[in-house]
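File shown: run-v3.cif (mmCIF, C-alpha atoms (C1' of nucleotides)).
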```
data_query
loop_
_atom_site.group_PDB
_atom_site.id
_atom_site.type_symbol
_atom_site.label_atom_id
_atom_site.label_comp_id
_atom_site.auth_asym_id
_atom_site.auth_seq_id
_atom_site.Cartn_x
_atom_site.Cartn_y
_atom_site.Cartn_z
ATOM 1 C CA MET Z 21 27.600 55.038 -27.780
ATOM 2 C CA VAL Z 22 30.634 55.510 -25.614
ATOM 3 C CA VAL Z 23 29.204 57.627 -22.817
ATOM 4 C CA GLY Z 24 25.700 56.185 -23.049
ATOM 5 C CA ASP Z 25 23.677 59.116 -21.778
ATOM 6 C CA GLU Z 26 20.286 58.553 -23.347
ATOM 7 C CA ALA Z 27 18.650 61.395 -21.472
ATOM 8 C CA ALA Z 28 21.005 64.006 -22.904
ATOM 9 C CA ASP Z 29 20.475 62.540 -26.369
ATOM 10 C CA ARG Z 30 16.731 62.968 -26.052
ATOM 11 C CA LEU Z 31 17.080 66.406 -24.511
ATOM 12 C CA PHE Z 32 19.239 67.954 -27.197
ATOM 13 C CA HIS Z 33 17.509 66.115 -29.987
ATOM 14 C CA ALA Z 34 14.201 67.552 -28.809
ATOM 15 C CA LEU Z 35 15.728 71.027 -28.871
ATOM 16 C CA ALA Z 36 17.208 70.529 -32.335
ATOM 17 C CA ASP Z 37 14.021 71.411 -34.209
ATOM 18 C CA ALA Z 38 12.626 74.892 -34.676
ATOM 19 C CA THR Z 39 9.006 73.793 -34.415
ATOM 20 C CA ARG Z 40 9.655 71.973 -31.170
ATOM 21 C CA ARG Z 41 11.543 74.931 -29.731
ATOM 22 C CA ASP Z 42 8.660 77.156 -30.718
ATOM 23 C CA ILE Z 43 6.185 74.826 -29.032
ATOM 24 C CA LEU Z 44 8.340 74.850 -25.938
ATOM 25 C CA TRP Z 45 8.568 78.653 -26.017
ATOM 26 C CA ARG Z 46 4.824 79.038 -26.281
ATOM 27 C CA SER Z 47 4.195 76.440 -23.583
ATOM 28 C CA VAL Z 48 6.360 78.442 -21.214
ATOM 29 C CA GLU Z 49 4.054 81.414 -21.523
ATOM 30 C CA GLY Z 50 0.996 79.420 -20.523
ATOM 31 C CA GLU Z 51 -0.465 75.927 -20.677
ATOM 32 C CA LEU Z 52 -2.147 75.255 -24.003
ATOM 33 C CA SER Z 53 -4.010 72.299 -25.431
ATOM 34 C CA VAL Z 54 -2.319 70.293 -28.142
ATOM 35 C CA SER Z 55 -4.755 71.453 -30.807
ATOM 36 C CA ARG Z 56 -4.301 75.062 -29.732
ATOM 37 C CA LEU Z 57 -0.554 74.581 -29.960
ATOM 38 C CA ALA Z 58 -0.921 73.060 -33.410
ATOM 39 C CA GLU Z 59 -2.855 75.973 -34.921
ATOM 40 C CA PRO Z 60 0.004 78.234 -36.052
ATOM 41 C CA TYR Z 61 2.048 75.597 -37.853
ATOM 42 C CA PRO Z 62 1.751 74.686 -41.512
ATOM 43 C CA MET Z 63 1.516 70.979 -40.817
ATOM 44 C CA SER Z 64 -1.029 68.429 -39.729
ATOM 45 C CA PHE Z 65 -2.256 68.051 -36.188
ATOM 46 C CA ALA Z 66 -0.708 64.596 -36.028
ATOM 47 C CA ALA Z 67 2.710 66.028 -36.852
ATOM 48 C CA VAL Z 68 2.477 68.489 -33.976
ATOM 49 C CA GLN Z 69 1.304 65.665 -31.767
ATOM 50 C CA LYS Z 70 4.496 63.822 -32.612
ATOM 51 C CA HIS Z 71 6.596 66.872 -31.817
ATOM 52 C CA VAL Z 72 4.911 67.168 -28.432
ATOM 53 C CA ALA Z 73 5.594 63.479 -27.866
ATOM 54 C CA VAL Z 74 9.291 64.070 -28.568
ATOM 55 C CA LEU Z 75 9.350 66.931 -26.073
ATOM 56 C CA GLU Z 76 7.550 64.716 -23.592
ATOM 57 C CA ARG Z 77 9.992 61.831 -23.988
ATOM 58 C CA ALA Z 78 12.804 64.319 -23.407
ATOM 59 C CA GLY Z 79 11.146 65.373 -20.173
ATOM 60 C CA LEU Z 80 10.811 68.952 -21.385
ATOM 61 C CA VAL Z 81 7.022 69.023 -21.115
ATOM 62 C CA THR Z 82 4.263 67.074 -19.415
ATOM 63 C CA LYS Z 83 0.634 66.671 -20.423
ATOM 64 C CA ALA Z 84 -2.286 66.968 -18.027
ATOM 65 C CA ARG Z 85 -5.905 66.188 -18.895
ATOM 66 C CA ARG Z 86 -8.181 69.182 -18.424
ATOM 67 C CA GLY Z 87 -11.595 68.096 -19.418
ATOM 68 C CA ARG Z 88 -11.538 66.807 -22.969
ATOM 69 C CA GLU Z 89 -8.350 68.557 -23.927
ATOM 70 C CA GLN Z 90 -4.804 67.886 -22.844
ATOM 71 C CA ARG Z 91 -2.778 70.846 -21.644
ATOM 72 C CA VAL Z 92 0.950 70.950 -22.256
ATOM 73 C CA ARG Z 93 3.161 72.352 -19.536
ATOM 74 C CA THR Z 94 6.914 72.914 -19.658
ATOM 75 C CA GLU Z 95 9.072 71.121 -17.139
ATOM 76 C CA PRO Z 96 11.714 73.627 -16.087
ATOM 77 C CA ASP Z 97 13.955 71.034 -14.457
ATOM 78 C CA ALA Z 98 14.836 69.493 -17.804
ATOM 79 C CA VAL Z 99 15.767 72.885 -19.210
ATOM 80 C CA ALA Z 100 17.889 73.467 -16.140
ATOM 81 C CA ARG Z 101 19.610 70.122 -16.714
ATOM 82 C CA ALA Z 102 20.528 71.043 -20.279
ATOM 83 C CA ARG Z 103 21.836 74.392 -19.094
ATOM 84 C CA GLN Z 104 23.861 72.697 -16.409
ATOM 85 C CA ALA Z 105 25.447 70.462 -19.009
ATOM 86 C CA LEU Z 106 26.533 73.431 -21.071
ATOM 87 C CA ASP Z 107 27.632 75.275 -17.956
ATOM 88 C CA HIS Z 108 29.827 72.331 -17.135
ATOM 89 C CA LEU Z 109 31.305 72.408 -20.608
ATOM 90 C CA GLY Z 110 31.953 76.105 -20.228
ATOM 91 C CA SER Z 111 33.644 75.572 -16.893
ATOM 92 C CA LEU Z 112 35.835 72.882 -18.410
ATOM 93 C CA TRP Z 113 36.921 75.318 -21.053
ATOM 94 C CA ARG Z 114 37.550 77.994 -18.467
ATOM 95 C CA GLY Z 115 39.537 75.454 -16.468
ATOM 96 C CA ARG Z 116 41.719 74.752 -19.463
ATOM 97 C CA VAL Z 117 42.381 78.444 -19.971
ATOM 98 C CA ASP Z 118 43.188 78.845 -16.307
ATOM 99 C CA ARG Z 119 45.574 75.916 -16.483
ATOM 100 C CA MET Z 120 47.362 77.389 -19.474
ATOM 101 C CA ALA Z 121 47.528 80.750 -17.756
ATOM 102 C CA GLY Z 122 48.944 78.974 -14.734
ATOM 103 C CA LEU Z 123 51.655 77.349 -16.826
ATOM 104 C CA LEU Z 124 52.571 80.675 -18.327
ATOM 105 C CA ALA Z 125 52.675 82.295 -14.898
ATOM 106 C CA GLY Z 126 55.019 79.608 -13.577
ATOM 107 C CA ALA Z 127 52.587 77.380 -11.666
ATOM 108 C CA ALA Z 128 52.634 79.257 -8.391
ATOM 109 C CA GLU Z 129 49.951 77.354 -6.494
ATOM 110 C CA SER Z 130 50.838 73.745 -7.258
ATOM 111 C CA ALA Z 131 48.807 72.274 -4.414
ATOM 112 C CA SER Z 132 45.439 73.367 -5.857
ATOM 113 C CA GLU Z 133 43.128 70.382 -6.328
ATOM 114 C CA SER Z 134 40.893 72.187 -8.783
ATOM 115 C CA THR Z 135 43.275 71.537 -11.665
ATOM 116 C CA HIS Z 136 43.866 67.912 -10.828
ATOM 117 C CA GLY Z 137 41.768 66.370 -13.532
ATOM 118 C CA GLU Z 138 38.274 65.727 -12.160
ATOM 119 C CA GLU Z 139 37.850 62.514 -14.138
ATOM 120 C CA GLY Z 140 35.488 61.053 -11.570
ATOM 121 C CA THR Z 141 32.765 63.662 -11.888
ATOM 122 C CA GLU Z 142 29.629 62.716 -13.796
ATOM 123 C CA ARG Z 143 29.712 64.230 -17.213
ATOM 124 C CA TRP Z 144 26.107 65.444 -17.276
ATOM 125 C CA ALA Z 145 25.235 65.910 -13.605
ATOM 126 C CA MET I 15 10.221 75.820 -40.168
ATOM 127 C CA VAL I 16 8.271 78.562 -38.478
ATOM 128 C CA VAL I 17 11.060 80.369 -36.700
ATOM 129 C CA GLY I 18 13.710 79.429 -39.219
ATOM 130 C CA ASP I 19 16.792 79.468 -37.033
ATOM 131 C CA GLU I 20 19.159 77.168 -38.868
ATOM 132 C CA ALA I 21 22.060 77.885 -36.546
ATOM 133 C CA ALA I 22 20.199 76.676 -33.468
ATOM 134 C CA ASP I 23 19.112 73.574 -35.366
ATOM 135 C CA ARG I 24 22.698 72.710 -36.176
ATOM 136 C CA LEU I 25 23.879 73.568 -32.680
ATOM 137 C CA PHE I 26 21.481 71.354 -30.772
ATOM 138 C CA HIS I 27 21.581 68.610 -33.342
ATOM 139 C CA ALA I 28 25.348 68.496 -32.979
ATOM 140 C CA LEU I 29 24.953 68.177 -29.221
ATOM 141 C CA ALA I 30 22.331 65.456 -29.538
ATOM 142 C CA ASP I 31 24.811 62.619 -29.980
ATOM 143 C CA ALA I 32 26.887 61.082 -27.216
ATOM 144 C CA THR I 33 29.935 60.520 -29.416
ATOM 145 C CA ARG I 34 29.914 64.127 -30.578
ATOM 146 C CA ARG I 35 29.518 65.405 -27.028
ATOM 147 C CA ASP I 36 32.432 63.210 -26.000
ATOM 148 C CA ILE I 37 34.549 64.557 -28.844
ATOM 149 C CA LEU I 38 33.657 68.074 -27.782
ATOM 150 C CA TRP I 39 34.496 67.299 -24.162
ATOM 151 C CA ARG I 40 37.891 65.919 -25.079
ATOM 152 C CA SER I 41 38.612 68.771 -27.441
ATOM 153 C CA VAL I 42 38.037 71.209 -24.620
ATOM 154 C CA GLU I 43 40.859 69.648 -22.624
ATOM 155 C CA GLY I 44 43.349 70.123 -25.416
ATOM 156 C CA GLU I 45 43.623 70.285 -29.200
ATOM 157 C CA LEU I 46 43.833 66.821 -30.708
ATOM 158 C CA SER I 47 44.204 65.567 -34.251
ATOM 159 C CA VAL I 48 41.208 63.885 -35.846
ATOM 160 C CA SER I 49 42.848 60.467 -35.845
ATOM 161 C CA ARG I 50 43.829 60.876 -32.215
ATOM 162 C CA LEU I 51 40.264 61.821 -31.424
ATOM 163 C CA ALA I 52 39.011 58.799 -33.339
ATOM 164 C CA GLU I 53 41.068 56.244 -31.396
ATOM 165 C CA PRO I 54 38.760 55.526 -28.423
ATOM 166 C CA TYR I 55 35.581 54.950 -30.390
ATOM 167 C CA PRO I 56 34.378 51.610 -31.715
ATOM 168 C CA MET I 57 33.752 52.964 -35.204
ATOM 169 C CA SER I 58 35.678 53.772 -38.336
ATOM 170 C CA PHE I 59 37.856 56.822 -38.753
ATOM 171 C CA ALA I 60 35.539 58.127 -41.444
ATOM 172 C CA ALA I 61 32.597 58.006 -39.049
ATOM 173 C CA VAL I 62 34.454 60.142 -36.524
ATOM 174 C CA GLN I 63 35.444 62.457 -39.346
ATOM 175 C CA LYS I 64 31.760 62.933 -40.101
ATOM 176 C CA HIS I 65 31.002 63.653 -36.454
ATOM 177 C CA VAL I 66 33.717 66.288 -36.392
ATOM 178 C CA ALA I 67 32.244 67.760 -39.571
ATOM 179 C CA VAL I 68 28.868 68.033 -37.859
ATOM 180 C CA LEU I 69 30.440 69.807 -34.906
ATOM 181 C CA GLU I 70 32.263 72.072 -37.332
ATOM 182 C CA ARG I 71 29.110 72.978 -39.277
ATOM 183 C CA ALA I 72 27.484 73.813 -35.946
ATOM 184 C CA GLY I 73 30.344 76.171 -35.182
ATOM 185 C CA LEU I 74 31.270 74.216 -32.066
ATOM 186 C CA VAL I 75 34.783 73.394 -33.230
ATOM 187 C CA THR I 76 37.270 74.606 -35.809
ATOM 188 C CA LYS I 77 40.063 72.708 -37.494
ATOM 189 C CA ALA I 78 43.572 74.072 -37.959
ATOM 190 C CA ARG I 79 46.305 72.397 -39.994
ATOM 191 C CA ARG I 80 49.358 71.618 -37.885
ATOM 192 C CA GLY I 81 51.810 69.962 -40.174
ATOM 193 C CA ARG I 82 50.219 66.899 -41.701
ATOM 194 C CA GLU I 83 47.562 66.542 -39.082
ATOM 195 C CA GLN I 84 44.519 68.671 -38.414
ATOM 196 C CA ARG I 85 43.950 69.784 -34.852
ATOM 197 C CA VAL I 86 40.419 70.198 -33.553
ATOM 198 C CA ARG I 87 39.737 73.107 -31.234
ATOM 199 C CA THR I 88 36.486 73.931 -29.442
ATOM 200 C CA GLU I 89 34.864 77.256 -30.154
ATOM 201 C CA PRO I 90 33.563 78.495 -26.810
ATOM 202 C CA ASP I 91 31.370 81.180 -28.331
ATOM 203 C CA ALA I 92 29.019 78.598 -29.812
ATOM 204 C CA VAL I 93 28.695 76.848 -26.479
ATOM 205 C CA ALA I 94 27.953 80.203 -24.903
ATOM 206 C CA ARG I 95 25.281 80.841 -27.528
ATOM 207 C CA ALA I 96 23.547 77.559 -26.735
ATOM 208 C CA ARG I 97 23.709 78.361 -23.040
ATOM 209 C CA GLN I 98 22.287 81.810 -23.686
ATOM 210 C CA ALA I 99 19.379 80.257 -25.531
ATOM 211 C CA LEU I 100 18.557 78.014 -22.602
ATOM 212 C CA ASP I 101 19.120 80.872 -20.184
ATOM 213 C CA HIS I 102 16.586 82.861 -22.144
ATOM 214 C CA LEU I 103 14.137 79.993 -21.942
ATOM 215 C CA GLY I 104 14.741 79.770 -18.218
ATOM 216 C CA SER I 105 14.187 83.474 -17.786
ATOM 217 C CA LEU I 106 10.940 83.235 -19.737
ATOM 218 C CA TRP I 107 9.773 80.554 -17.376
ATOM 219 C CA ARG I 108 10.853 82.590 -14.375
ATOM 220 C CA GLY I 109 9.027 85.565 -15.857
ATOM 221 C CA ARG I 110 5.848 83.543 -16.130
ATOM 222 C CA VAL I 111 6.142 82.444 -12.526
ATOM 223 C CA ASP I 112 6.778 86.018 -11.446
ATOM 224 C CA ARG I 113 3.763 87.161 -13.395
ATOM 225 C CA MET I 114 1.567 84.546 -11.754
ATOM 226 C CA ALA I 115 2.943 85.445 -8.346
ATOM 227 C CA GLY I 116 2.208 89.061 -9.168
ATOM 228 C CA LEU I 117 -1.384 88.231 -10.029
ATOM 229 C CA LEU I 118 -1.790 86.358 -6.788
ATOM 230 C CA ALA I 119 -0.235 89.209 -4.824
ATOM 231 C CA GLY I 120 -2.558 91.755 -6.371
ATOM 232 C CA ALA I 121 -0.277 93.268 -9.042
ATOM 233 C CA ALA I 122 1.444 95.782 -6.836
ATOM 234 C CA GLU I 123 4.118 97.073 -9.210
ATOM 235 C CA SER I 124 2.143 97.485 -12.412
ATOM 236 C CA ALA I 125 4.640 99.812 -14.071
ATOM 237 C CA SER I 126 7.389 97.188 -14.311
ATOM 238 C CA GLU I 127 8.483 96.729 -17.928
ATOM 239 C CA SER I 128 10.127 93.393 -17.251
ATOM 240 C CA THR I 129 6.788 91.585 -17.332
ATOM 241 C CA HIS I 130 5.418 93.392 -20.335
ATOM 242 C CA GLY I 131 5.780 90.648 -22.886
ATOM 243 C CA GLU I 132 9.108 91.147 -24.643
ATOM 244 C CA GLU I 133 7.827 89.905 -27.983
ATOM 245 C CA GLY I 134 10.310 91.985 -29.912
ATOM 246 C CA THR I 135 13.444 90.365 -28.542
ATOM 247 C CA GLU I 136 15.277 87.902 -30.770
ATOM 248 C CA ARG I 137 14.463 84.420 -29.706
ATOM 249 C CA TRP I 138 17.987 83.090 -29.788
ATOM 250 C CA ALA I 139 20.188 86.152 -29.312
ATOM 251 C "C1'" DC E 7 61.811 58.675 -54.344
ATOM 252 C "C1'" DT E 8 59.379 55.608 -51.521
ATOM 253 C "C1'" DG E 9 56.739 54.382 -47.821
ATOM 254 C "C1'" DA E 10 53.931 55.450 -43.817
ATOM 255 C "C1'" DC E 11 50.514 58.270 -42.054
ATOM 256 C "C1'" DC E 12 46.702 61.736 -41.755
ATOM 257 C "C1'" DT E 13 42.948 63.495 -44.018
ATOM 258 C "C1'" DA E 14 39.164 64.167 -47.448
ATOM 259 C "C1'" DC E 15 35.458 62.538 -49.973
ATOM 260 C "C1'" DA E 16 32.410 59.560 -52.775
ATOM 261 C "C1'" DA E 17 29.258 55.557 -52.997
ATOM 262 C "C1'" DC E 18 26.481 52.712 -50.675
ATOM 263 C "C1'" DC E 19 23.236 50.789 -46.959
ATOM 264 C "C1'" DA E 20 20.128 50.191 -42.731
ATOM 265 C "C1'" DA E 21 17.681 52.716 -39.571
ATOM 266 C "C1'" DA E 22 15.615 56.775 -37.771
ATOM 267 C "C1'" DT E 23 13.079 61.217 -38.655
ATOM 268 C "C1'" DG E 24 9.421 64.142 -40.110
ATOM 269 C "C1'" DG E 25 5.733 64.313 -42.584
ATOM 270 C "C1'" DT E 26 1.147 62.501 -44.441
ATOM 271 C "C1'" DT E 27 -3.709 60.181 -44.153
ATOM 272 C "C1'" DG E 28 -6.958 57.272 -41.987
ATOM 273 C "C1'" DT E 29 -9.247 55.095 -38.139
ATOM 274 C "C1'" DA E 30 -10.900 55.017 -33.480
ATOM 275 C "C1'" DG E 31 -11.736 56.286 -28.490
ATOM 276 C "C1'" DG E 32 -13.273 59.784 -25.074
ATOM 277 C "C1'" DT E 33 -15.492 64.032 -23.539
ATOM 278 C "C1'" DG E 34 -18.931 67.885 -23.624
ATOM 279 C "C1'" DA E 35 -22.838 70.260 -25.328
ATOM 280 C "C1'" DT E 36 -27.440 70.086 -27.493
ATOM 281 C "C1'" DA G 7 -28.452 59.824 -28.332
ATOM 282 C "C1'" DT G 8 -26.163 62.447 -31.414
ATOM 283 C "C1'" DC G 9 -22.889 65.597 -32.980
ATOM 284 C "C1'" DA G 10 -18.729 68.105 -32.672
ATOM 285 C "C1'" DC G 11 -14.312 68.276 -30.955
ATOM 286 C "C1'" DC G 12 -9.792 66.764 -28.977
ATOM 287 C "C1'" DT G 13 -6.684 63.216 -28.792
ATOM 288 C "C1'" DA G 14 -4.218 58.794 -29.759
ATOM 289 C "C1'" DC G 15 -2.188 55.713 -32.781
ATOM 290 C "C1'" DA G 16 -1.193 52.870 -36.875
ATOM 291 C "C1'" DA G 17 0.410 52.556 -41.649
ATOM 292 C "C1'" DC G 18 2.843 54.471 -45.063
ATOM 293 C "C1'" DC G 19 6.358 57.419 -47.643
ATOM 294 C "C1'" DA G 20 10.527 60.567 -48.680
ATOM 295 C "C1'" DT G 21 14.521 62.255 -46.749
ATOM 296 C "C1'" DT G 22 18.173 62.398 -43.506
ATOM 297 C "C1'" DT G 23 21.423 60.226 -40.429
ATOM 298 C "C1'" DG G 24 25.023 57.297 -38.900
ATOM 299 C "C1'" DG G 25 27.580 53.877 -40.236
ATOM 300 C "C1'" DT G 26 30.492 51.187 -43.629
ATOM 301 C "C1'" DT G 27 34.281 50.558 -47.404
ATOM 302 C "C1'" DG G 28 37.109 52.254 -50.988
ATOM 303 C "C1'" DT G 29 39.846 55.629 -53.422
ATOM 304 C "C1'" DA G 30 42.836 59.572 -53.654
ATOM 305 C "C1'" DG G 31 45.585 63.735 -52.170
ATOM 306 C "C1'" DG G 32 49.106 65.817 -49.012
ATOM 307 C "C1'" DT G 33 52.938 65.718 -45.685
ATOM 308 C "C1'" DC G 34 56.735 63.958 -43.074
ATOM 309 C "C1'" DA G 35 60.725 60.487 -42.401
ATOM 310 C "C1'" DG G 36 64.277 57.629 -44.355
#
```
Transcribe the structure of this file into structure tokens.
Amino acid sequence: MVVGDEAADRLFHALADATRRDILWRSVEGELSVSRLAEPYPMSFAAVQKHVAVLERAGLVTKARRGREQRVRTEPDAVARARQALDHLGSLWRGRVDRMAGLLAGAAESASESTHGEEGTERWA
Amino acid sequence: MVVGDEAADRLFHALADATRRDILWRSVEGELSVSRLAEPYPMSFAAVQKHVAVLERAGLVTKARRGREQRVRTEPDAVARARQALDHLGSLWRGRVDRMAGLLAGAAESASESTHGEEGTERWA
DNA sequence: CTGACCTACAACCAAATGGTTGTAGGTGAT
DNA sequence: ATCACCTACAACCATTTGGTTGTAGGTCAG
């Protein structure tokens, strides 16, 4: 593990399963109990429980006791973090294109710091 | 697999590993050969080869023969797709908040189609 | 042609994943 | 108190994953 970002590992891993994404989708629309969430899926309740646990460890959802059931709520900050990561990747790519365009154009503005490298910035914000 | 979106599975799974993210990051900055990419990591060349294969199956990178080596290039469209997916999730969440705010405010603009449900839209675009 | 290098792929292995069933602890209603 | 329900968690199993080594095919330089 060269870059060692456990949080991003958990985040993307949690998103890398259709059932979990579906759970997340449905949790966005309203807080549901775990058993209510489990109903549509062709698997045991325990399996869904595990999926929710994965989402929870990734910080994508939180559980809150509401009487005897436990309601699952999405945590939008985590989603925003994942988006930010991909945004950053996109900006890197755009930066590369800009740099190449700059080379082709003859490197007019050589003093610009935005193309300097940016090695010090955190990779995942 | 309730929603059955294999592409999203592969996409997020590919992103769910620090080494693969690092490879992707470095590939954005410039096309490198597989062996050049493999150099920094404390694992065998074959292991890195497998990581690149995972990124390739996810559509995140493509390989192009350049003489005897094979240069790895990032495919920005796939990154954009992943971002779109998370954007959609974010917009769903925002929509829910708006809907709740609307309920609290007394549902002034009831004719708005933006809060109607949107069940027909593809989940991953 | 030979040797060095880059790549591809198979075989194998330990560990993690995704699923199951079973058991047990709380909570609410009767 | 009892019953029904929701949840948590352990034990277990098949498959996948991430890593290894080894073998083999191309491609460039000498």
So which residues get picked by the PyMOL selection byres ((chain G and resi 17) around 12) here, written as a ChimeraX atom specification? /E:26-29 /G:15-16,18-19
Residues at most 8 Å from Leu109 in chain Z, counting all atoms listed in the file, excluding those fewer than 4 positions away in the same chain, as a ChimeraX atom specification? /Z:105,113 /I:39,42,93
Using the chain letters and residue numbers of this document, give as a PyMOL selection string the residues selected by the PyMOL selection byres ((chain E) within 10 of (chain I)). chain E and resi 11-15
Have a look at Z:Ala27, Z:His33, Z:Pro60, Z:Asp97 and name the one nearest to chain I; count all atoms listed in the file.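 Checking each of Z:Ala27, Z:His33, Z:Pro60, Z:Asp97 against chain I, counting all atoms listed in the file, the winner is Z:His33.
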Every residue with an atom at most 9 Å from (13.3, 65.3, -27.6) (file coordinates; all atoms listed in the file) is what I'm after, so could you write them as a ChimeraX atom specification? /Z:29-36,40,71-80
Rounded to one decimal, what separation in Å do you get between C1' of DG24 in chain E and CA of Ala38 in chain Z?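 Here the two named atoms are 12.5 Å from each other.
Residues in contact range of Arg85 in chain Z, defined as at most 12 Å between all atoms listed in the file, with sequence neighbours fewer than 6 positions away removed, read Glu51, Leu52, Ser53, Val54, Arg91, Val92 and Arg93 of chain Z; DG32 and DT33 of chain E; DC12 and DT13 of chain G.
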Dump C-alpha atoms (C1' of nucleotides) for the selected residues as a PDB file, in the frame of the given file?
```pdb
ATOM      1  CA  GLU Z  51      -0.465  75.927 -20.677  1.00  0.00           C
ATOM      2  CA  LEU Z  52      -2.147  75.255 -24.003  1.00  0.00           C
ATOM      3  CA  SER Z  53      -4.010  72.299 -25.431  1.00  0.00           C
ATOM      4  CA  VAL Z  54      -2.319  70.293 -28.142  1.00  0.00           C
ATOM      5  CA  ARG Z  91      -2.778  70.846 -21.644  1.00  0.00           C
ATOM      6  CA  VAL Z  92       0.950  70.950 -22.256  1.00  0.00           C
ATOM      7  CA  ARG Z  93       3.161  72.352 -19.536  1.00  0.00           C
TER       8      ARG Z  93
ATOM      9  C1'  DG E  32     -13.273  59.784 -25.074  1.00  0.00           C
ATOM     10  C1'  DT E  33     -15.492  64.032 -23.539  1.00  0.00           C
TER      11       DT E  33
ATOM     12  C1'  DC G  12      -9.792  66.764 -28.977  1.00  0.00           C
ATOM     13  C1'  DT G  13      -6.684  63.216 -28.792  1.00  0.00           C
TER      14       DT G  13
END
```
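Taking CA of Ala78 in chain I and CA of Asp31 in chain I as the two end points, the separation is 23.4 Å.
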How far is it from CA of Glu59 in chain Z to CA of Ala96 in chain I, in Å with one decimal?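 Straight-line distance from CA of Glu59 in chain Z to CA of Ala96 in chain I works out to 27.7 Å.
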Apply the PyMOL selection byres ((chain G and resi 21) around 12) to the file shown and report the selected residues as a PyMOL selection string. (chain E and resi 22-25) or (chain G and resi 19-20+22-23)
Min atom-atom distance to Lys70 in chain Z from the set G:DG36, G:DT27, G:DT8, G:DA14, counting all atoms listed in the file, belongs to G:DA14
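Using only C-alpha atoms (C1' of nucleotides), the smallest distance between any of I:Arg97, I:Met57, I:Thr88, I:Leu106 and chain G comes from I:Met57.
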Go through Z:Arg101, Z:Arg41, Z:His108, Z:Arg56 one by one, measure the shortest atom-to-atom distance of each to chain G using all atoms listed in the file, and give the residue with the smallest value. Z:Arg56
Compile the residues of chain G that lie within 12 Å of chain I, evaluated using all atoms listed in the file, and express the compilation as a list in words.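 Result: DT23, DG24, DG25, DT26, DT27, DG28, DG31, DG32, DT33 and DC34 of chain G.
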Now that the selection is made, can you save its residues with C-alpha atoms (C1' of nucleotides) as an mmCIF file, in the frame of the given file?
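Printed below is selection21.cif as written:
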```cif
data_model
loop_
_atom_site.group_PDB
_atom_site.id
_atom_site.type_symbol
_atom_site.label_atom_id
_atom_site.label_comp_id
_atom_site.auth_asym_id
_atom_site.auth_seq_id
_atom_site.Cartn_x
_atom_site.Cartn_y
_atom_site.Cartn_z
ATOM 1 C "C1'" DT G 23 21.423 60.226 -40.429
ATOM 2 C "C1'" DG G 24 25.023 57.297 -38.900
ATOM 3 C "C1'" DG G 25 27.580 53.877 -40.236
ATOM 4 C "C1'" DT G 26 30.492 51.187 -43.629
ATOM 5 C "C1'" DT G 27 34.281 50.558 -47.404
ATOM 6 C "C1'" DG G 28 37.109 52.254 -50.988
ATOM 7 C "C1'" DG G 31 45.585 63.735 -52.170
ATOM 8 C "C1'" DG G 32 49.106 65.817 -49.012
ATOM 9 C "C1'" DT G 33 52.938 65.718 -45.685
ATOM 10 C "C1'" DC G 34 56.735 63.958 -43.074
#
```
Nearest candidate to chain Z (options I:Ala52, I:Lys77, I:Glu89, I:Thr33; using only C-alpha atoms):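 Distance minimum relative to chain Z lands on I:Thr33.
Proximity of I:Val62, I:Asp101, I:Arg80, I:Ile37 to chain Z, computed with only C-alpha atoms, is greatest for I:Asp101.
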Using only the atoms of range 10-22 of chain G listed in the file, plus 8 Å on each side, state the axis-aligned box centre and edge lengths in Å rounded to one decimal, as AutoDock Vina command-line options.
```
--center_x -0.3 --center_y 60.4 --center_z -38.7 --size_x 52.9 --size_y 31.7 --size_z 35.9
```
